Amino acid sequence: MTPILERHLNLLDYALTSLWRRRLKNAGIMMVFAAVIFLVASFQMLTRGLIDVSEKILTEVPDIVIQKMSAGRQEAIPLDYRERLDDIFGILKVVPRIWGYYFDETNGANYTVMALELDAMPASSQLGRAVIGEVPSNNLNGGIVLGQTVLGNLHLGGRRTFSLFRPDLSLKPLRVVGEFNPATEIMTADLILMSLADGRDLFDMPPEVVTDYCIYVANPAEVGTIARKIAARLPDTRVLTKPQIQKTYQVIFGWRSGFASICLLTALVAFAILAWDKASGLSPEEKREIGILKVIGWQTSDILALRFWESLVVSGLAFLVGCLGAYGHVLFFSGSLFRPILLGWSVIHPSLTIIPVIGGDDLLLIFTFTVVPYMAATVIPAWRSSIVPPEAAIK
Amino acid sequence: MIIECKNLMKVYQTEGKDFRAVDDVSMKVEKGEFVIILGHSGSGKTTLLSLIGGLARPDAGAVIIHGLDQNRQAESELAELRNRTIGFIFQFSSLIPTLTALENVLLPLTFSKVPPSPGSYDQACTLLEQVGLSGKEKSFPAQLSGGQQRRVAIARAFINQPDIILADEPTGDLDEETEGEILRIFREKNQIAKTTFLVVTHNGVLGKTQHKPRTFMMKNGVLSENSSEVASSI
Ligand SMILES: Nc1ncnc2c1ncn2[C@@H]1O[C@H](COP(=O)(O)OP(=O)(O)O)[C@@H](O)[C@H]1O
Ligand SMILES: [Mg+2]
């Protein structure tokens, strides 16, 4: 063993002994510290998990959505508008869509009904991958795909068939052919997907209109240009592009997480100040101990290394406990402490499970904002008292 | 010459006024000498020892140990000196409360540049035995009496087989029997290992038990050498 390694092993051994002697105090500090790291880490994991899921889903947003506007309000768009887009270069697919909300009186829940010409979806669409089972065919046959929350609410048991009410209260029979992958829950939880024909039947829409159009383009870089062309061609429509839609989501989301970040940072700073305050006031016994160690030949660097190990053990342990706790909190309790802040917005469904996502960079960030200041707050005061002459220790 | 003090001065500020705790002290000590410094409480004995041991820097003058001027030595070199060359026996309790008696004795060895040898454990046990503490190796300082703690500290000072022992009232709170025992150990180390001793005391017992030890008298920071007849009459 090299002398340096041996020296540090000895120091670590000594550090553990002295931590153990003040175990109550150190356990207290560690617990407060772990709690702070727990909060920061679970927030970070939750945020990242949400961003991760929503990013996946947002790739599913069509490149362009066209809505017909009348007196500043959205209304049904005629199917023949489709022909007026035929000659715009760069459009891959125009997919008419009917969608709306269905209020389930038995459960008091709102479902989102989405009806598409599913055969017309471009091959690049990820829709098929989000569905476990079949994707409904394009006919009027009652085939549907359900989101997990809807599935849970309907209490189908083993049955695959049920009915929903048309506006005239007649029953429309439906057949479950697939369900959405729970991993896509953030956007699909309350979704009922069906063919355009079934959607038209359920909502009793006239045959010549749909709710809006989804446009898919060949080259994503041309979205803006194509959108402008469409807007010029169809002046009574609102043309929304994918980047715009994504931005809206991100702004909402960013604002909320930013707000919470500030709250958390405040807590963190308060903790840092507390740690500083506690650590900078070395007790007379601690000062004396440093003095004694210096008298018998310890160098300032030995004392610093000792303090370094001590605070690394405390804060490293707290870091580990806090991060593991946060992972469990997000995974098993769905980050229940932070959900009200992050999920209150209706675009994100409240009953979603989030797989905690944590990257090396997140850990490094949390480490930098918790462990590093704590270590500084404990090592620096020790350094200050270890550079004074040890004479005081012997009087 | 092992220790040389040249016009040492240490000044403390008290209530805005300069106070010379050590005032122009010069002395020379040869290797293997046994020196006693007598003086009343507050006369500056501890301050002088801390200057010689490199625990504080003098405001004027120099301490030269083994021909090396401490003023020219870096902090790390002084630490090395304190660890290898000098054994310190403090006036007051100086044990680390976390560590057992044995661990306290081993402490200077554990972190010295020279890795502890397997024999150092036995050596520490022997030292504890010599100061009359066999069986107390695993006791913590809080479980020992003041006198026992002092004896642990004495054992610790010897562990690195230092050339110089600086002892600040080492028998202050020991009964006469133990005191005699300690002095016997000091004497033995002094004669067999040629360890140089600088022992501070404010009672004359130490002087009486030694055969003509070299004796100094400290008064208001000023050091003067006494004849041994004067010392033993205190
Ligand atoms: N750090 C200090 N600050 C101010 N005065 C001090 C300090 N240390 C010692 N003194 C004063 O210096 C004098 C000598 O102290 P000391 O060397 O401890 O005496 P002794 O060991 O002989 O009892 C005393 O009057 C004491 O009050
Ligand atoms: Mg004293």
# chains A, B, ... in the order shown; residues from 1 in each chain; ligands from 1

call {"tool": "residues_around", "arguments": {"residues": "A:Arg166", "least_positions_apart": "2", "cutoff": "10 Å", "atoms": "only C-alpha atoms", "output": "NGL selection string"}}
result
:A and (102 or 163-164 or 168-172 or 201-204)

call {"tool": "residues_near_ligand", "arguments": {"ligand": "ligand 1", "cutoff": "12 Å", "atoms": "only C-alpha atoms and all ligand atoms", "output": "ChimeraX atom specification"}}
result
/A:388-395 /B:9-23,37-51,56,90-92,167-169,199-202,217-223

call {"tool": "interface_residues", "arguments": {"of": "chain B", "to": "chain A", "cutoff": "9 Å", "atoms": "only C-alpha atoms", "output": "NGL selection string"}}
result
:B and (46-47 or 50-51 or 53-57 or 75-76 or 78-84 or 86-99 or 107-108 or 110-115 or 156-157 or 168)

call {"tool": "residues_around", "arguments": {"residues": "A:Leu85", "least_positions_apart": "2", "cutoff": "10 Å", "atoms": "only C-alpha atoms", "output": "VMD selection string"}}
result
chain A and resid 80 to 83 87 to 89 91 94 215 229 to 230 233 to 234

call {"tool": "select_by_dssp", "arguments": {"residues": "chain B", "states": "helix (DSSP H, G or I)", "output": "ChimeraX atom specification"}}
result
/B:45-52,70-72,75-84,101-110,119-130,141-143,146-158,176-192,205-209,228-233

call {"tool": "closest_residue", "arguments": {"among": "B:Ala155, B:Ile2, B:Gln123, B:Gln148", "to": "B:Asp69", "atoms": "only C-alpha atoms"}}
result
B:Ile2

call {"tool": "residues_around", "arguments": {"residues": "A:Arg97", "least_positions_apart": "4", "cutoff": "7 Å", "atoms": "only C-alpha atoms", "output": "compact mmCIF listing (two decimals) with N, CA, C and O atoms, in the first residue's frame"}}
result
# COMPACT_ATOMS: atom_id res chain seq x y z
N ALA A 115 -61.18 10.71 -33.71
CA ALA A 115 -61.52 9.84 -34.84
C ALA A 115 -60.72 10.27 -36.05
O ALA A 115 -60.70 11.45 -36.42
N LEU A 116 -60.01 9.32 -36.63
CA LEU A 116 -59.10 9.63 -37.73
C LEU A 116 -59.35 8.68 -38.88
O LEU A 116 -59.82 7.56 -38.67
N LEU A 196 -62.71 7.43 -38.48
CA LEU A 196 -63.42 8.66 -38.77
C LEU A 196 -64.92 8.40 -38.91
O LEU A 196 -65.75 9.15 -38.39
N VAL A 210 -65.57 17.89 -40.99
CA VAL A 210 -64.81 17.24 -39.90
C VAL A 210 -64.39 18.32 -38.90
O VAL A 210 -64.64 19.51 -39.14
N THR A 211 -63.75 17.96 -37.81
CA THR A 211 -63.35 18.96 -36.81
C THR A 211 -62.15 19.77 -37.29
O THR A 211 -62.14 20.99 -37.25
N ASP A 212 -61.13 19.06 -37.73
CA ASP A 212 -59.96 19.76 -38.28
C ASP A 212 -59.18 18.81 -39.17
O ASP A 212 -59.54 17.65 -39.33
N TYR A 213 -58.10 19.35 -39.73
CA TYR A 213 -57.22 18.53 -40.57
C TYR A 213 -55.86 18.40 -39.90
O TYR A 213 -55.32 19.37 -39.35
N CYS A 214 -55.30 17.21 -40.01
CA CYS A 214 -53.90 17.04 -39.63
C CYS A 214 -53.11 16.92 -40.92
O CYS A 214 -53.46 16.14 -41.80

call {"tool": "select_by_dssp", "arguments": {"residues": "stretch 1-152 of chain A", "states": "strand (DSSP E or B)", "output": "PyMOL selection string"}}
result
chain A and resi 64-70+73-75+77-78+91-104+109-116+131-133+143-146

call {"tool": "residues_around", "arguments": {"residues": "B:Leu128", "least_positions_apart": "3", "cutoff": "8 Å", "atoms": "only C-alpha atoms", "output": "list of chain:residue names"}}
result
B:Leu102, B:Ala124, B:Cys125, B:Val131, B:Gly132, B:Leu133, B:Ser134, B:Glu137, B:Arg151, B:Val152, B:Ala155

call {"tool": "residues_around", "arguments": {"residues": "A:Leu12", "least_positions_apart": "3", "cutoff": "9 Å", "atoms": "only C-alpha atoms", "output": "PDB file with C-alpha atoms, in the first residue's frame"}}
result
ATOM      1  CA  ARG A   7      -2.680   7.920   5.258  1.00  0.00           C
ATOM      2  CA  HIS A   8      -6.126   8.482   3.783  1.00  0.00           C
ATOM      3  CA  LEU A   9      -7.402   5.146   5.014  1.00  0.00           C
ATOM      4  CA  ALA A  15     -13.212  10.350  10.651  1.00  0.00           C
ATOM      5  CA  LEU A  16     -15.683   7.495  11.051  1.00  0.00           C
ATOM      6  CA  THR A  17     -14.738   7.112  14.704  1.00  0.00           C
ATOM      7  CA  ALA A 305      -8.447  15.783   4.745  1.00  0.00           C
ATOM      8  CA  LEU A 306     -10.074  14.586   7.949  1.00  0.00           C
ATOM      9  CA  TRP A 309     -13.777  12.684   4.765  1.00  0.00           C
ATOM     10  CA  GLU A 310     -16.144  13.470   7.595  1.00  0.00           C
TER      11      GLU A 310
END

call {"tool": "residues_around", "arguments": {"residues": "stretch 151-160 of chain A", "least_positions_apart": "4", "cutoff": "12 Å", "atoms": "only C-alpha atoms", "output": "compact mmCIF listing (two decimals) with N, CA and C atoms, in the first residue's frame"}}
result
# COMPACT_ATOMS: atom_id res chain seq x y z
N ASP A 104 -68.90 10.97 -19.49
CA ASP A 104 -69.38 9.69 -18.98
C ASP A 104 -70.09 9.96 -17.66
N GLU A 105 -71.44 9.95 -17.70
CA GLU A 105 -72.21 10.35 -16.51
C GLU A 105 -72.05 9.40 -15.35
N THR A 106 -71.93 8.11 -15.68
CA THR A 106 -71.79 7.13 -14.60
C THR A 106 -70.55 7.40 -13.75
N ASN A 107 -69.47 7.75 -14.41
CA ASN A 107 -68.22 7.95 -13.69
C ASN A 107 -67.90 9.42 -13.46
N GLY A 108 -68.72 10.29 -14.03
CA GLY A 108 -68.43 11.72 -13.90
C GLY A 108 -67.11 12.10 -14.54
N ALA A 109 -66.72 11.38 -15.60
CA ALA A 109 -65.43 11.64 -16.21
C ALA A 109 -65.60 12.10 -17.65
N ASN A 110 -64.64 12.91 -18.10
CA ASN A 110 -64.64 13.36 -19.48
C ASN A 110 -63.62 12.57 -20.27
N TYR A 111 -64.02 12.06 -21.41
CA TYR A 111 -63.07 11.37 -22.28
C TYR A 111 -62.86 12.20 -23.53
N GLY A 142 -67.17 0.12 -35.24
CA GLY A 142 -67.17 0.22 -33.78
C GLY A 142 -65.87 -0.17 -33.11
N GLY A 143 -64.81 -0.39 -33.89
CA GLY A 143 -63.53 -0.76 -33.28
C GLY A 143 -62.87 0.45 -32.63
N ILE A 144 -62.43 0.30 -31.37
CA ILE A 144 -61.81 1.44 -30.67
C ILE A 144 -60.56 1.01 -29.91
N VAL A 145 -59.71 2.03 -29.67
CA VAL A 145 -58.54 1.85 -28.80
C VAL A 145 -58.76 2.75 -27.58
N LEU A 146 -58.53 2.22 -26.36
CA LEU A 146 -58.81 3.00 -25.15
C LEU A 146 -57.54 3.34 -24.39
N GLY A 147 -57.55 4.53 -23.82
CA GLY A 147 -56.49 4.90 -22.88
C GLY A 147 -56.70 4.19 -21.56
N LEU A 164 -71.73 3.66 -26.11
CA LEU A 164 -71.79 5.06 -25.70
C LEU A 164 -73.04 5.68 -26.33
N PRO A 173 -72.91 0.86 -30.30
CA PRO A 173 -72.09 -0.24 -29.81
C PRO A 173 -70.63 -0.09 -30.25
N LEU A 174 -69.73 -0.40 -29.34
CA LEU A 174 -68.30 -0.27 -29.63
C LEU A 174 -67.59 -1.55 -29.19
N ARG A 175 -66.44 -1.76 -29.80
CA ARG A 175 -65.70 -2.98 -29.51
C ARG A 175 -64.22 -2.58 -29.29
N VAL A 176 -63.67 -3.00 -28.15
CA VAL A 176 -62.28 -2.65 -27.83
C VAL A 176 -61.35 -3.56 -28.62
N VAL A 177 -60.55 -2.95 -29.48
CA VAL A 177 -59.60 -3.76 -30.26
C VAL A 177 -58.16 -3.56 -29.78
N GLY A 178 -57.95 -2.52 -29.00
CA GLY A 178 -56.59 -2.27 -28.51
C GLY A 178 -56.61 -1.29 -27.35
N GLU A 179 -55.47 -1.13 -26.70
CA GLU A 179 -55.36 -0.11 -25.67
C GLU A 179 -54.04 0.62 -25.84
N PHE A 180 -54.00 1.81 -25.24
CA PHE A 180 -52.76 2.57 -25.38
C PHE A 180 -51.74 2.07 -24.37
N ASN A 181 -50.49 2.04 -24.80
CA ASN A 181 -49.38 1.68 -23.95
C ASN A 181 -49.34 2.60 -22.72
N PRO A 182 -49.31 2.02 -21.52
CA PRO A 182 -49.29 2.86 -20.31
C PRO A 182 -48.16 3.90 -20.33
N GLU A 185 -49.21 7.33 -21.27
CA GLU A 185 -50.37 7.75 -20.51
C GLU A 185 -50.55 9.25 -20.41
N THR A 188 -52.51 9.90 -23.46
CA THR A 188 -53.53 8.98 -23.96
C THR A 188 -54.47 8.47 -22.88
N ALA A 189 -54.25 8.88 -21.63
CA ALA A 189 -55.01 8.29 -20.53
C ALA A 189 -56.52 8.37 -20.76
N ASP A 190 -57.00 9.51 -21.24
CA ASP A 190 -58.45 9.69 -21.34
C ASP A 190 -58.92 9.60 -22.80
N LEU A 191 -58.10 8.96 -23.61
CA LEU A 191 -58.36 8.98 -25.05
C LEU A 191 -59.15 7.76 -25.52
N ILE A 192 -60.11 8.03 -26.42
CA ILE A 192 -60.79 6.94 -27.14
C ILE A 192 -60.53 7.17 -28.62
N SER A 351 -53.83 11.25 -13.48
CA SER A 351 -53.65 9.91 -12.93
C SER A 351 -52.52 9.15 -13.58

call {"tool": "atom_distance", "arguments": {"atom1": "atom CA of A:Pro96", "atom2": "atom CA of A:Val251"}}
result
27.9 Å

call {"tool": "closest_residue", "arguments": {"among": "A:Leu324, A:Val239, A:Ile380, A:Ala76", "to": "A:Met45", "atoms": "only C-alpha atoms"}}
result
A:Leu324

call {"tool": "atom_distance", "arguments": {"atom1": "atom CA of B:Gly61", "atom2": "atom CA of B:Cys5"}}
result
7.5 Å
